[in-house]
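Okay, upload32.pdb now, which holds PDB, C-alpha atoms and all ligand atoms:
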ATOM      1  CA  MET P   4       0.000   0.000   0.000  1.00  0.00           C
ATOM      2  CA  LYS P   5       1.233   3.470  -0.807  1.00  0.00           C
ATOM      3  CA  VAL P   6       0.344   5.645   2.168  1.00  0.00           C
ATOM      4  CA  HIS P   7      -0.563   9.278   1.544  1.00  0.00           C
ATOM      5  CA  SER P   8      -2.180  10.092   4.842  1.00  0.00           C
ATOM      6  CA  ALA P   9      -1.231   8.941   8.315  1.00  0.00           C
ATOM      7  CA  ASP P  10      -2.084  10.843  11.458  1.00  0.00           C
ATOM      8  CA  ILE P  11      -1.987  10.197  15.143  1.00  0.00           C
ATOM      9  CA  ILE P  12      -5.547  10.399  16.442  1.00  0.00           C
ATOM     10  CA  ILE P  13      -5.004   9.919  20.152  1.00  0.00           C
ATOM     11  CA  SER P  14      -2.607   8.611  22.774  1.00  0.00           C
ATOM     12  CA  ALA P  15      -5.109   6.869  25.017  1.00  0.00           C
ATOM     13  CA  VAL P  16      -4.677   5.697  28.578  1.00  0.00           C
ATOM     14  CA  SER P  17      -8.194   4.280  28.950  1.00  0.00           C
ATOM     15  CA  LYS P  18     -10.979   2.993  26.757  1.00  0.00           C
ATOM     16  CA  LYS P  19     -13.038   6.163  27.150  1.00  0.00           C
ATOM     17  CA  GLN P  20     -10.453   7.802  24.923  1.00  0.00           C
ATOM     18  CA  TYR P  21     -10.457   5.210  22.140  1.00  0.00           C
ATOM     19  CA  PRO P  22     -11.673   6.661  18.827  1.00  0.00           C
ATOM     20  CA  LYS P  23     -15.400   6.379  18.308  1.00  0.00           C
ATOM     21  CA  SER P  24     -15.030   4.834  14.906  1.00  0.00           C
ATOM     22  CA  SER P  25     -15.862   1.462  13.475  1.00  0.00           C
ATOM     23  CA  LEU P  26     -12.843   1.348  11.177  1.00  0.00           C
ATOM     24  CA  PRO P  27     -10.857  -1.894  11.361  1.00  0.00           C
ATOM     25  CA  GLU P  28      -7.859  -1.918  13.674  1.00  0.00           C
ATOM     26  CA  ILE P  29      -4.498  -3.653  13.431  1.00  0.00           C
ATOM     27  CA  ALA P  30      -2.693  -3.664  16.768  1.00  0.00           C
ATOM     28  CA  LEU P  31       1.085  -3.844  17.224  1.00  0.00           C
ATOM     29  CA  ALA P  32       2.748  -5.502  20.179  1.00  0.00           C
ATOM     30  CA  GLY P  33       6.380  -6.098  21.049  1.00  0.00           C
ATOM     31  CA  ARG P  34       9.177  -5.818  23.535  1.00  0.00           C
ATOM     32  CA  SER P  35      10.558  -2.313  24.009  1.00  0.00           C
ATOM     33  CA  ASN P  36      13.308  -1.675  21.473  1.00  0.00           C
ATOM     34  CA  VAL P  37      12.185  -4.485  19.154  1.00  0.00           C
ATOM     35  CA  GLY P  38      11.761  -1.958  16.330  1.00  0.00           C
ATOM     36  CA  LYS P  39       8.014  -1.349  16.522  1.00  0.00           C
ATOM     37  CA  SER P  40       8.153   2.397  15.873  1.00  0.00           C
ATOM     38  CA  SER P  41      10.636   1.845  13.052  1.00  0.00           C
ATOM     39  CA  PHE P  42       8.313  -0.761  11.536  1.00  0.00           C
ATOM     40  CA  ILE P  43       5.329   1.631  11.576  1.00  0.00           C
ATOM     41  CA  ASN P  44       7.378   4.473  10.138  1.00  0.00           C
ATOM     42  CA  THR P  45       8.741   2.238   7.356  1.00  0.00           C
ATOM     43  CA  LEU P  46       5.292   0.976   6.404  1.00  0.00           C
ATOM     44  CA  ILE P  47       3.818   4.452   6.168  1.00  0.00           C
ATOM     45  CA  ASP P  48       6.926   6.013   4.563  1.00  0.00           C
ATOM     46  CA  ARG P  49       7.471   8.498   7.363  1.00  0.00           C
ATOM     47  CA  LYS P  50      10.653   9.172   9.224  1.00  0.00           C
ATOM     48  CA  ASN P  51       9.175   9.956  12.554  1.00  0.00           C
ATOM     49  CA  LEU P  52       5.429   9.672  13.015  1.00  0.00           C
ATOM     50  CA  ALA P  53       5.732   6.816  15.462  1.00  0.00           C
ATOM     51  CA  ARG P  54       8.395   7.848  17.934  1.00  0.00           C
ATOM     52  CA  THR P  55      11.453   5.618  17.973  1.00  0.00           C
ATOM     53  CA  SER P  56      13.397   4.628  21.055  1.00  0.00           C
ATOM     54  CA  SER P  57      10.745   5.493  23.591  1.00  0.00           C
ATOM     55  CA  LYS P  58      12.343   5.733  27.006  1.00  0.00           C
ATOM     56  CA  PRO P  59      11.341   3.676  30.022  1.00  0.00           C
ATOM     57  CA  GLY P  60       9.377   5.742  32.472  1.00  0.00           C
ATOM     58  CA  ARG P  61       7.553   7.653  29.786  1.00  0.00           C
ATOM     59  CA  THR P  62       3.788   7.521  30.253  1.00  0.00           C
ATOM     60  CA  GLN P  63       2.533   4.357  28.659  1.00  0.00           C
ATOM     61  CA  THR P  64      -0.177   4.998  26.125  1.00  0.00           C
ATOM     62  CA  ILE P  65      -2.044   3.216  23.379  1.00  0.00           C
ATOM     63  CA  ASN P  66      -1.472   5.242  20.229  1.00  0.00           C
ATOM     64  CA  PHE P  67      -4.070   5.208  17.473  1.00  0.00           C
ATOM     65  CA  TYR P  68      -2.896   6.139  13.970  1.00  0.00           C
ATOM     66  CA  LEU P  69      -5.416   6.697  11.200  1.00  0.00           C
ATOM     67  CA  ILE P  70      -4.047   5.363   7.914  1.00  0.00           C
ATOM     68  CA  GLU P  71      -5.533   6.459   4.592  1.00  0.00           C
ATOM     69  CA  GLU P  72      -8.900   7.052   6.340  1.00  0.00           C
ATOM     70  CA  LEU P  73      -9.152   3.288   5.976  1.00  0.00           C
ATOM     71  CA  PHE P  74      -8.005   1.674   9.208  1.00  0.00           C
ATOM     72  CA  HIS P  75      -6.167   2.293  12.475  1.00  0.00           C
ATOM     73  CA  PHE P  76      -2.768   1.071  13.510  1.00  0.00           C
ATOM     74  CA  VAL P  77      -2.975   0.669  17.279  1.00  0.00           C
ATOM     75  CA  ASP P  78       0.481   0.894  18.827  1.00  0.00           C
ATOM     76  CA  LEU P  79       0.441  -0.856  22.199  1.00  0.00           C
ATOM     77  CA  PRO P  80       3.007   0.041  24.860  1.00  0.00           C
ATOM     78  CA  GLY P  81       6.148  -2.106  24.724  1.00  0.00           C
ATOM     79  CA  TYR P  82       6.861  -4.756  27.313  1.00  0.00           C
ATOM     80  CA  GLY P  83       9.974  -6.237  28.841  1.00  0.00           C
ATOM     81  CA  TYR P  84      11.848  -3.369  30.449  1.00  0.00           C
ATOM     82  CA  ALA P  85      13.929  -4.915  33.195  1.00  0.00           C
ATOM     83  CA  LYS P  86      13.695  -1.812  35.318  1.00  0.00           C
ATOM     84  CA  VAL P  87       9.957  -1.150  35.562  1.00  0.00           C
ATOM     85  CA  SER P  88       8.283  -1.527  38.915  1.00  0.00           C
ATOM     86  CA  LYS P  89       5.656  -4.130  39.730  1.00  0.00           C
ATOM     87  CA  LYS P  90       3.085  -1.364  39.796  1.00  0.00           C
ATOM     88  CA  GLU P  91       3.983  -0.174  36.301  1.00  0.00           C
ATOM     89  CA  ARG P  92       3.927  -3.714  34.981  1.00  0.00           C
ATOM     90  CA  ALA P  93       0.457  -4.249  36.441  1.00  0.00           C
ATOM     91  CA  LYS P  94      -0.691  -1.004  34.845  1.00  0.00           C
ATOM     92  CA  TRP P  95       0.663  -2.173  31.489  1.00  0.00           C
ATOM     93  CA  GLY P  96      -1.236  -5.462  31.831  1.00  0.00           C
ATOM     94  CA  ALA P  97      -4.474  -3.718  32.718  1.00  0.00           C
ATOM     95  CA  MET P  98      -4.171  -1.377  29.721  1.00  0.00           C
ATOM     96  CA  ILE P  99      -3.506  -4.220  27.304  1.00  0.00           C
ATOM     97  CA  ASP P 100      -6.357  -6.315  28.715  1.00  0.00           C
ATOM     98  CA  GLU P 101      -8.736  -3.401  28.522  1.00  0.00           C
ATOM     99  CA  TYR P 102      -7.933  -2.945  24.848  1.00  0.00           C
ATOM    100  CA  PHE P 103      -8.079  -6.615  23.828  1.00  0.00           C
ATOM    101  CA  ALA P 104     -11.236  -7.289  25.828  1.00  0.00           C
ATOM    102  CA  ASN P 105     -13.241  -4.407  24.432  1.00  0.00           C
ATOM    103  CA  ARG P 106     -12.275  -3.795  20.881  1.00  0.00           C
ATOM    104  CA  LYS P 107     -14.566  -5.353  18.322  1.00  0.00           C
ATOM    105  CA  GLN P 108     -12.753  -3.399  15.622  1.00  0.00           C
ATOM    106  CA  LEU P 109      -9.570  -5.374  16.197  1.00  0.00           C
ATOM    107  CA  GLN P 110      -8.878  -7.584  13.174  1.00  0.00           C
ATOM    108  CA  ALA P 111      -5.343  -8.847  13.693  1.00  0.00           C
ATOM    109  CA  VAL P 112      -2.270  -8.298  15.837  1.00  0.00           C
ATOM    110  CA  ILE P 113       1.217  -7.671  14.538  1.00  0.00           C
ATOM    111  CA  SER P 114       3.539  -9.264  17.052  1.00  0.00           C
ATOM    112  CA  LEU P 115       7.152  -8.145  16.619  1.00  0.00           C
ATOM    113  CA  ILE P 116      10.111 -10.245  17.682  1.00  0.00           C
ATOM    114  CA  ASP P 117      13.814  -9.417  17.401  1.00  0.00           C
ATOM    115  CA  MET P 118      15.094 -11.952  14.935  1.00  0.00           C
ATOM    116  CA  ARG P 119      18.627 -11.994  16.307  1.00  0.00           C
ATOM    117  CA  HIS P 120      17.570 -13.727  19.482  1.00  0.00           C
ATOM    118  CA  ASP P 121      15.289 -16.454  20.689  1.00  0.00           C
ATOM    119  CA  PRO P 122      11.865 -15.172  21.759  1.00  0.00           C
ATOM    120  CA  THR P 123      11.908 -13.764  25.291  1.00  0.00           C
ATOM    121  CA  GLU P 124       9.605 -14.902  28.086  1.00  0.00           C
ATOM    122  CA  GLY P 125       7.486 -11.809  27.335  1.00  0.00           C
ATOM    123  CA  ASP P 126       7.337 -12.658  23.607  1.00  0.00           C
ATOM    124  CA  ILE P 127       6.154 -16.171  24.391  1.00  0.00           C
ATOM    125  CA  GLN P 128       3.528 -14.926  26.853  1.00  0.00           C
ATOM    126  CA  MET P 129       2.233 -12.405  24.329  1.00  0.00           C
ATOM    127  CA  TYR P 130       1.933 -14.994  21.567  1.00  0.00           C
ATOM    128  CA  ASP P 131       0.215 -17.467  23.910  1.00  0.00           C
ATOM    129  CA  PHE P 132      -2.177 -14.746  25.019  1.00  0.00           C
ATOM    130  CA  LEU P 133      -3.048 -13.825  21.420  1.00  0.00           C
ATOM    131  CA  LYS P 134      -3.583 -17.453  20.450  1.00  0.00           C
ATOM    132  CA  TYR P 135      -5.670 -18.116  23.556  1.00  0.00           C
ATOM    133  CA  TYR P 136      -8.017 -15.307  22.496  1.00  0.00           C
ATOM    134  CA  GLU P 137      -7.856 -16.534  18.901  1.00  0.00           C
ATOM    135  CA  PHE P 138      -6.634 -13.316  17.332  1.00  0.00           C
ATOM    136  CA  PRO P 139      -4.970 -13.759  13.939  1.00  0.00           C
ATOM    137  CA  VAL P 140      -1.287 -12.868  14.258  1.00  0.00           C
ATOM    138  CA  ILE P 141       1.172 -11.414  11.781  1.00  0.00           C
ATOM    139  CA  LEU P 142       4.526 -12.319  13.305  1.00  0.00           C
ATOM    140  CA  VAL P 143       7.154  -9.797  12.231  1.00  0.00           C
ATOM    141  CA  ALA P 144      10.749 -10.865  12.825  1.00  0.00           C
ATOM    142  CA  THR P 145      12.683  -7.572  12.988  1.00  0.00           C
ATOM    143  CA  LYS P 146      16.301  -6.543  12.378  1.00  0.00           C
ATOM    144  CA  ALA P 147      16.812  -9.187   9.692  1.00  0.00           C
ATOM    145  CA  ASP P 148      19.708  -7.136   8.277  1.00  0.00           C
ATOM    146  CA  LYS P 149      21.714  -7.927  11.392  1.00  0.00           C
ATOM    147  CA  LEU P 150      21.660 -11.656  10.746  1.00  0.00           C
ATOM    148  CA  ALA P 151      23.960 -13.522   8.345  1.00  0.00           C
ATOM    149  CA  LYS P 152      22.113 -15.108   5.433  1.00  0.00           C
ATOM    150  CA  SER P 153      23.156 -18.553   6.534  1.00  0.00           C
ATOM    151  CA  LYS P 154      21.654 -17.996   9.983  1.00  0.00           C
ATOM    152  CA  LYS P 155      18.287 -16.642   8.843  1.00  0.00           C
ATOM    153  CA  ASN P 156      16.417 -19.842   8.045  1.00  0.00           C
ATOM    154  CA  GLN P 157      17.772 -21.500  11.118  1.00  0.00           C
ATOM    155  CA  GLN P 158      16.533 -18.638  13.302  1.00  0.00           C
ATOM    156  CA  ILE P 159      13.088 -18.578  11.636  1.00  0.00           C
ATOM    157  CA  GLU P 160      12.679 -22.253  12.505  1.00  0.00           C
ATOM    158  CA  ARG P 161      13.957 -21.643  16.015  1.00  0.00           C
ATOM    159  CA  ILE P 162      11.475 -18.815  16.659  1.00  0.00           C
ATOM    160  CA  LYS P 163       8.577 -20.870  15.271  1.00  0.00           C
ATOM    161  CA  ASP P 164       9.609 -23.784  17.404  1.00  0.00           C
ATOM    162  CA  VAL P 165       9.912 -21.805  20.650  1.00  0.00           C
ATOM    163  CA  LEU P 166       6.557 -20.069  20.096  1.00  0.00           C
ATOM    164  CA  ASP P 167       4.782 -23.208  18.915  1.00  0.00           C
ATOM    165  CA  PHE P 168       3.864 -21.051  15.931  1.00  0.00           C
ATOM    166  CA  ASP P 169       0.441 -21.552  14.399  1.00  0.00           C
ATOM    167  CA  GLU P 170       1.000 -22.092  10.660  1.00  0.00           C
ATOM    168  CA  ASN P 171      -2.316 -20.342   9.946  1.00  0.00           C
ATOM    169  CA  ASP P 172      -0.605 -17.144  11.084  1.00  0.00           C
ATOM    170  CA  THR P 173       1.702 -15.153   8.825  1.00  0.00           C
ATOM    171  CA  PHE P 174       5.453 -14.912   9.425  1.00  0.00           C
ATOM    172  CA  VAL P 175       7.217 -11.909   7.909  1.00  0.00           C
ATOM    173  CA  VAL P 176      10.980 -11.416   7.975  1.00  0.00           C
ATOM    174  CA  PHE P 177      11.587  -7.662   8.152  1.00  0.00           C
ATOM    175  CA  SER P 178      14.263  -4.995   8.143  1.00  0.00           C
ATOM    176  CA  THR P 179      13.709  -1.293   8.456  1.00  0.00           C
ATOM    177  CA  VAL P 180      17.244  -0.724   7.106  1.00  0.00           C
ATOM    178  CA  THR P 181      16.842  -2.624   3.817  1.00  0.00           C
ATOM    179  CA  LYS P 182      12.983  -2.434   3.760  1.00  0.00           C
ATOM    180  CA  TYR P 183      12.996  -6.189   3.252  1.00  0.00           C
ATOM    181  CA  GLY P 184       9.538  -7.590   4.020  1.00  0.00           C
ATOM    182  CA  LYS P 185       7.704  -4.289   3.638  1.00  0.00           C
ATOM    183  CA  GLU P 186       5.512  -5.484   0.752  1.00  0.00           C
ATOM    184  CA  GLU P 187       4.863  -8.798   2.406  1.00  0.00           C
ATOM    185  CA  ALA P 188       3.820  -7.056   5.619  1.00  0.00           C
ATOM    186  CA  TRP P 189       1.392  -4.835   3.703  1.00  0.00           C
ATOM    187  CA  GLN P 190      -0.061  -7.819   1.859  1.00  0.00           C
ATOM    188  CA  ALA P 191      -0.713  -9.558   5.168  1.00  0.00           C
ATOM    189  CA  ILE P 192      -2.297  -6.433   6.671  1.00  0.00           C
ATOM    190  CA  GLU P 193      -4.489  -5.853   3.626  1.00  0.00           C
ATOM    191  CA  THR P 194      -6.187  -9.211   4.088  1.00  0.00           C
ATOM    192  CA  PHE P 195      -7.609  -7.874   7.378  1.00  0.00           C
ATOM    193  CA  ILE P 196      -8.803  -4.384   6.394  1.00  0.00           C
TER
HETATM  194  P1  LIG V 201      10.577   0.313  19.642  1.00  0.00           P
HETATM  195  O1  LIG V 201      10.998   0.624  21.051  1.00  0.00           O
HETATM  196  O2  LIG V 201      10.078  -1.072  19.520  1.00  0.00           O
HETATM  197  O3  LIG V 201       9.636   1.312  19.044  1.00  0.00           O
HETATM  198  O4  LIG V 201      11.915   0.303  18.775  1.00  0.00           O
HETATM  199  P2  LIG V 201      12.527   1.390  17.782  1.00  0.00           P
HETATM  200  O5  LIG V 201      11.781   1.409  16.497  1.00  0.00           O
HETATM  201  O6  LIG V 201      12.690   2.663  18.526  1.00  0.00           O
HETATM  202  O7  LIG V 201      13.963   0.725  17.480  1.00  0.00           O
HETATM  203  C1  LIG V 201      14.862   0.441  18.512  1.00  0.00           C
HETATM  204  C2  LIG V 201      16.280   0.500  17.949  1.00  0.00           C
HETATM  205  O8  LIG V 201      16.467  -0.546  17.014  1.00  0.00           O
HETATM  206  C3  LIG V 201      16.582   1.790  17.232  1.00  0.00           C
HETATM  207  O9  LIG V 201      17.929   2.133  17.496  1.00  0.00           O
HETATM  208  C4  LIG V 201      16.403   1.428  15.759  1.00  0.00           C
HETATM  209  O10 LIG V 201      17.188   2.201  14.894  1.00  0.00           O
HETATM  210  C5  LIG V 201      16.846  -0.014  15.741  1.00  0.00           C
HETATM  211  N1  LIG V 201      16.172  -0.797  14.693  1.00  0.00           N
HETATM  212  C6  LIG V 201      14.844  -0.919  14.518  1.00  0.00           C
HETATM  213  N2  LIG V 201      14.560  -1.720  13.471  1.00  0.00           N
HETATM  214  C7  LIG V 201      15.754  -2.116  12.963  1.00  0.00           C
HETATM  215  C8  LIG V 201      16.137  -2.947  11.852  1.00  0.00           C
HETATM  216  O11 LIG V 201      15.315  -3.524  11.114  1.00  0.00           O
HETATM  217  N3  LIG V 201      17.489  -3.127  11.648  1.00  0.00           N
HETATM  218  C9  LIG V 201      18.414  -2.540  12.454  1.00  0.00           C
HETATM  219  N4  LIG V 201      19.696  -2.788  12.170  1.00  0.00           N
HETATM  220  N5  LIG V 201      18.081  -1.746  13.483  1.00  0.00           N
HETATM  221  C10 LIG V 201      16.774  -1.531  13.737  1.00  0.00           C
END
Will you turn the file into structure tokens for me?
Amino acid sequence: MKVHSADIIISAVSKKQYPKSSLPEIALAGRSNVGKSSFINTLIDRKNLARTSSKPGRTQTINFYLIEELFHFVDLPGYGYAKVSKKERAKWGAMIDEYFANRKQLQAVISLIDMRHDPTEGDIQMYDFLKYYEFPVILVATKADKLAKSKKNQQIERIKDVLDFDENDTFVVFSTVTKYGKEEAWQAIETFI
């Protein structure tokens, strides 16, 4: 998809603030620093609409982006900071639950995983959670440019194995540096909007 218009609609902290719109939504989840903001910016051909390298401690929000007046990207707060307090972690969980439990507009979830490493405990929990609630998942393996060609297939299999990946889901190998996987990611998204 060639994106001409992309705007942030709201940074929400509770469901009262979610957009009152019935447009389809594609949510994005991932560990902090996985490359989620970079992924959004690459897909919509913007340098900096989704903020990259969000710092721990910043207010956690659910960011709704309106794309082409057609659908919303819903950027969920990242997980997995070692340093966050129990209280902050609980708040994160409540925010995520509130979104997933209430959003009929949600069509699919893009779950991002750093391809250089095995999935983290948080990655596994997120995927299990999404499969438990039967959301279709587009698994995006990020930072593919950092992996030697010979290692790539091996690591794809490893990630699928650790997650017990559902072959009905889509697996996209992606790099924001080379733009590898951009078209494939769009094709997967377009089947849900
Ligand atoms: P977020 O916290 O998930 O939103 O992650 P960011 O998009 O801010 O990216 C975290 C860091 O990883 C930044 O320094 C990015 O430049 C870098 N990064 C993101 N995607 C890629 C990628 O595909 N390849 C490489 N080499 N670096 C990436």
Self-check item: Neighbour list for region 81-89 of chain P as a ChimeraX atom specification, cut-off 10 Å, only C-alpha atoms, skip fewer than 5 positions in-chain
Solution: /P:31-37,39,57-60,63-65,94-96,123-126,129
Exercise. Evaluate the PyMOL selection byres (((chain P and resi 42) around 10) and not hetatm) here and jot the selected residues down as a VMD selection string.
Key: chain P and resid 31 37 to 41 43 to 48 53 55 115 143 145 to 146 177 to 180 182 185 188
Quiz item: Which polymer residues have any atom within 7 Å of an atom of His75 (chain P), counting all atoms listed in the file, with same-chain residues fewer than 6 positions away left out, as a ChimeraX atom specification?
Solution: /P:26-29,67-69
Quiz prompt | Length of the CA of Asn156 (chain P) to CA of Ile113 (chain P) vector [Å] | solution =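 Result for CA of Asn156 (chain P) versus CA of Ile113 (chain P): 20.5 Å, one decimal.
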Let me have the centre and edge lengths of the axis-aligned box enclosing all listed atoms of ligand LIG 201 (chain V) with 5 Å padding on every side, in Å to one decimal, as AutoDock Vina command-line options.
--center_x 14.7 --center_y -0.4 --center_z 16.1 --size_x 20.1 --size_y 16.2 --size_z 19.9
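Evaluating the PyMOL selection byres (((chain P and resi 142) around 7) and not hetatm) against the shown model yields Ile113, Ser114, Leu115, Val140, Ile141, Val143, Ala144, Thr173, Phe174 and Val175 of chain P.
With distances restricted to all atoms listed in the file, P:Asp78 is the closest residue to ligand LIG 201 (chain V) from P:Glu186, P:Ile99, P:Asp78, P:Gln108.
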Quiz item: CA of Pro80 (chain P) and atom O3 of ligand LIG 201 (chain V) are how many Å apart?
Solution: 8.9 Å
Exercise. Taking the point (-5.6, -4.5, 18.1) as given in the file, collect each protein or nucleic acid residue that comes within 7 Å of it, counting all atoms listed in the file, and present the set as a list of chain:residue names.
Key: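 Residues with an atom at most 7 Å from (-5.6, -4.5, 18.1): P:Glu28, P:Ile29, P:Ala30, P:Leu31, P:Val77, P:Phe103, P:Leu109, P:Gln110, P:Ala111, P:Val112.
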Could those residues be written to a file, using C-alpha atoms, as a PDB file, keeping the file's coordinate frame?
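result37.pdb was written with the following content:
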ATOM      1  CA  GLU P  28      -7.859  -1.918  13.674  1.00  0.00           C
ATOM      2  CA  ILE P  29      -4.498  -3.653  13.431  1.00  0.00           C
ATOM      3  CA  ALA P  30      -2.693  -3.664  16.768  1.00  0.00           C
ATOM      4  CA  LEU P  31       1.085  -3.844  17.224  1.00  0.00           C
ATOM      5  CA  VAL P  77      -2.975   0.669  17.279  1.00  0.00           C
ATOM      6  CA  PHE P 103      -8.079  -6.615  23.828  1.00  0.00           C
ATOM      7  CA  LEU P 109      -9.570  -5.374  16.197  1.00  0.00           C
ATOM      8  CA  GLN P 110      -8.878  -7.584  13.174  1.00  0.00           C
ATOM      9  CA  ALA P 111      -5.343  -8.847  13.693  1.00  0.00           C
ATOM     10  CA  VAL P 112      -2.270  -8.298  15.837  1.00  0.00           C
TER      11      VAL P 112
END
Exercise. Using all atoms listed in the file, give me every residue within 6 Å of (2.9, -16.5, 19.6) in file coordinates, as number ranges by chain.
Key: P: 127, 130-131, 166, 168
Practice problem: Tell me, in Å to one decimal, how far atom C8 of ligand LIG 201 (chain V) is from CA of Val6 (chain P). | Solution: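 Taking atom C8 of ligand LIG 201 (chain V) as the start and CA of Val6 (chain P) as the end point, the length is 20.4 Å.
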Dump of region 145-166 of chain P from preceding block, N, CA and C atoms, as a compact mmCIF listing (two decimals), in the first residue's frame:
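Saved file out38.txt follows:
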# COMPACT_ATOMS: atom_id res chain seq x y z
N THR P 145 12.00 -8.83 13.32
CA THR P 145 12.68 -7.57 12.99
C THR P 145 14.21 -7.72 12.95
N LYS P 146 14.84 -6.69 12.42
CA LYS P 146 16.30 -6.54 12.38
C LYS P 146 16.98 -7.66 11.59
N ALA P 147 16.29 -8.09 10.52
CA ALA P 147 16.81 -9.19 9.69
C ALA P 147 18.17 -8.84 9.09
N ASP P 148 18.42 -7.54 8.87
CA ASP P 148 19.71 -7.14 8.28
C ASP P 148 20.89 -7.46 9.18
N LYS P 149 20.62 -7.67 10.44
CA LYS P 149 21.71 -7.93 11.39
C LYS P 149 22.10 -9.40 11.47
N LEU P 150 21.41 -10.21 10.69
CA LEU P 150 21.66 -11.66 10.75
C LEU P 150 22.31 -12.12 9.44
N ALA P 151 23.33 -12.96 9.54
CA ALA P 151 23.96 -13.52 8.34
C ALA P 151 22.94 -14.38 7.60
N LYS P 152 23.05 -14.35 6.28
CA LYS P 152 22.11 -15.11 5.43
C LYS P 152 21.99 -16.56 5.90
N SER P 153 23.13 -17.14 6.18
CA SER P 153 23.16 -18.55 6.53
C SER P 153 22.42 -18.84 7.85
N LYS P 154 22.30 -17.82 8.68
CA LYS P 154 21.65 -18.00 9.98
C LYS P 154 20.15 -17.78 9.92
N LYS P 155 19.68 -17.10 8.86
CA LYS P 155 18.29 -16.64 8.84
C LYS P 155 17.28 -17.77 8.94
N ASN P 156 17.40 -18.75 8.05
CA ASN P 156 16.42 -19.84 8.05
C ASN P 156 16.43 -20.62 9.35
N GLN P 157 17.61 -20.80 9.85
CA GLN P 157 17.77 -21.50 11.12
C GLN P 157 17.02 -20.75 12.24
N GLN P 158 17.15 -19.43 12.24
CA GLN P 158 16.53 -18.64 13.30
C GLN P 158 15.01 -18.56 13.12
N ILE P 159 14.54 -18.55 11.87
CA ILE P 159 13.09 -18.58 11.64
C ILE P 159 12.51 -19.85 12.25
N GLU P 160 13.16 -20.97 11.97
CA GLU P 160 12.68 -22.25 12.51
C GLU P 160 12.73 -22.27 14.02
N ARG P 161 13.78 -21.69 14.56
CA ARG P 161 13.96 -21.64 16.01
C ARG P 161 12.82 -20.83 16.66
N ILE P 162 12.53 -19.67 16.10
CA ILE P 162 11.48 -18.82 16.66
C ILE P 162 10.13 -19.53 16.58
N LYS P 163 9.85 -20.15 15.43
CA LYS P 163 8.58 -20.87 15.27
C LYS P 163 8.47 -21.99 16.29
N ASP P 164 9.58 -22.65 16.49
CA ASP P 164 9.61 -23.78 17.40
C ASP P 164 9.35 -23.34 18.85
N VAL P 165 10.05 -22.29 19.27
CA VAL P 165 9.91 -21.81 20.65
C VAL P 165 8.49 -21.29 20.91
N LEU P 166 7.91 -20.64 19.91
CA LEU P 166 6.56 -20.07 20.10
C LEU P 166 5.45 -21.10 19.90
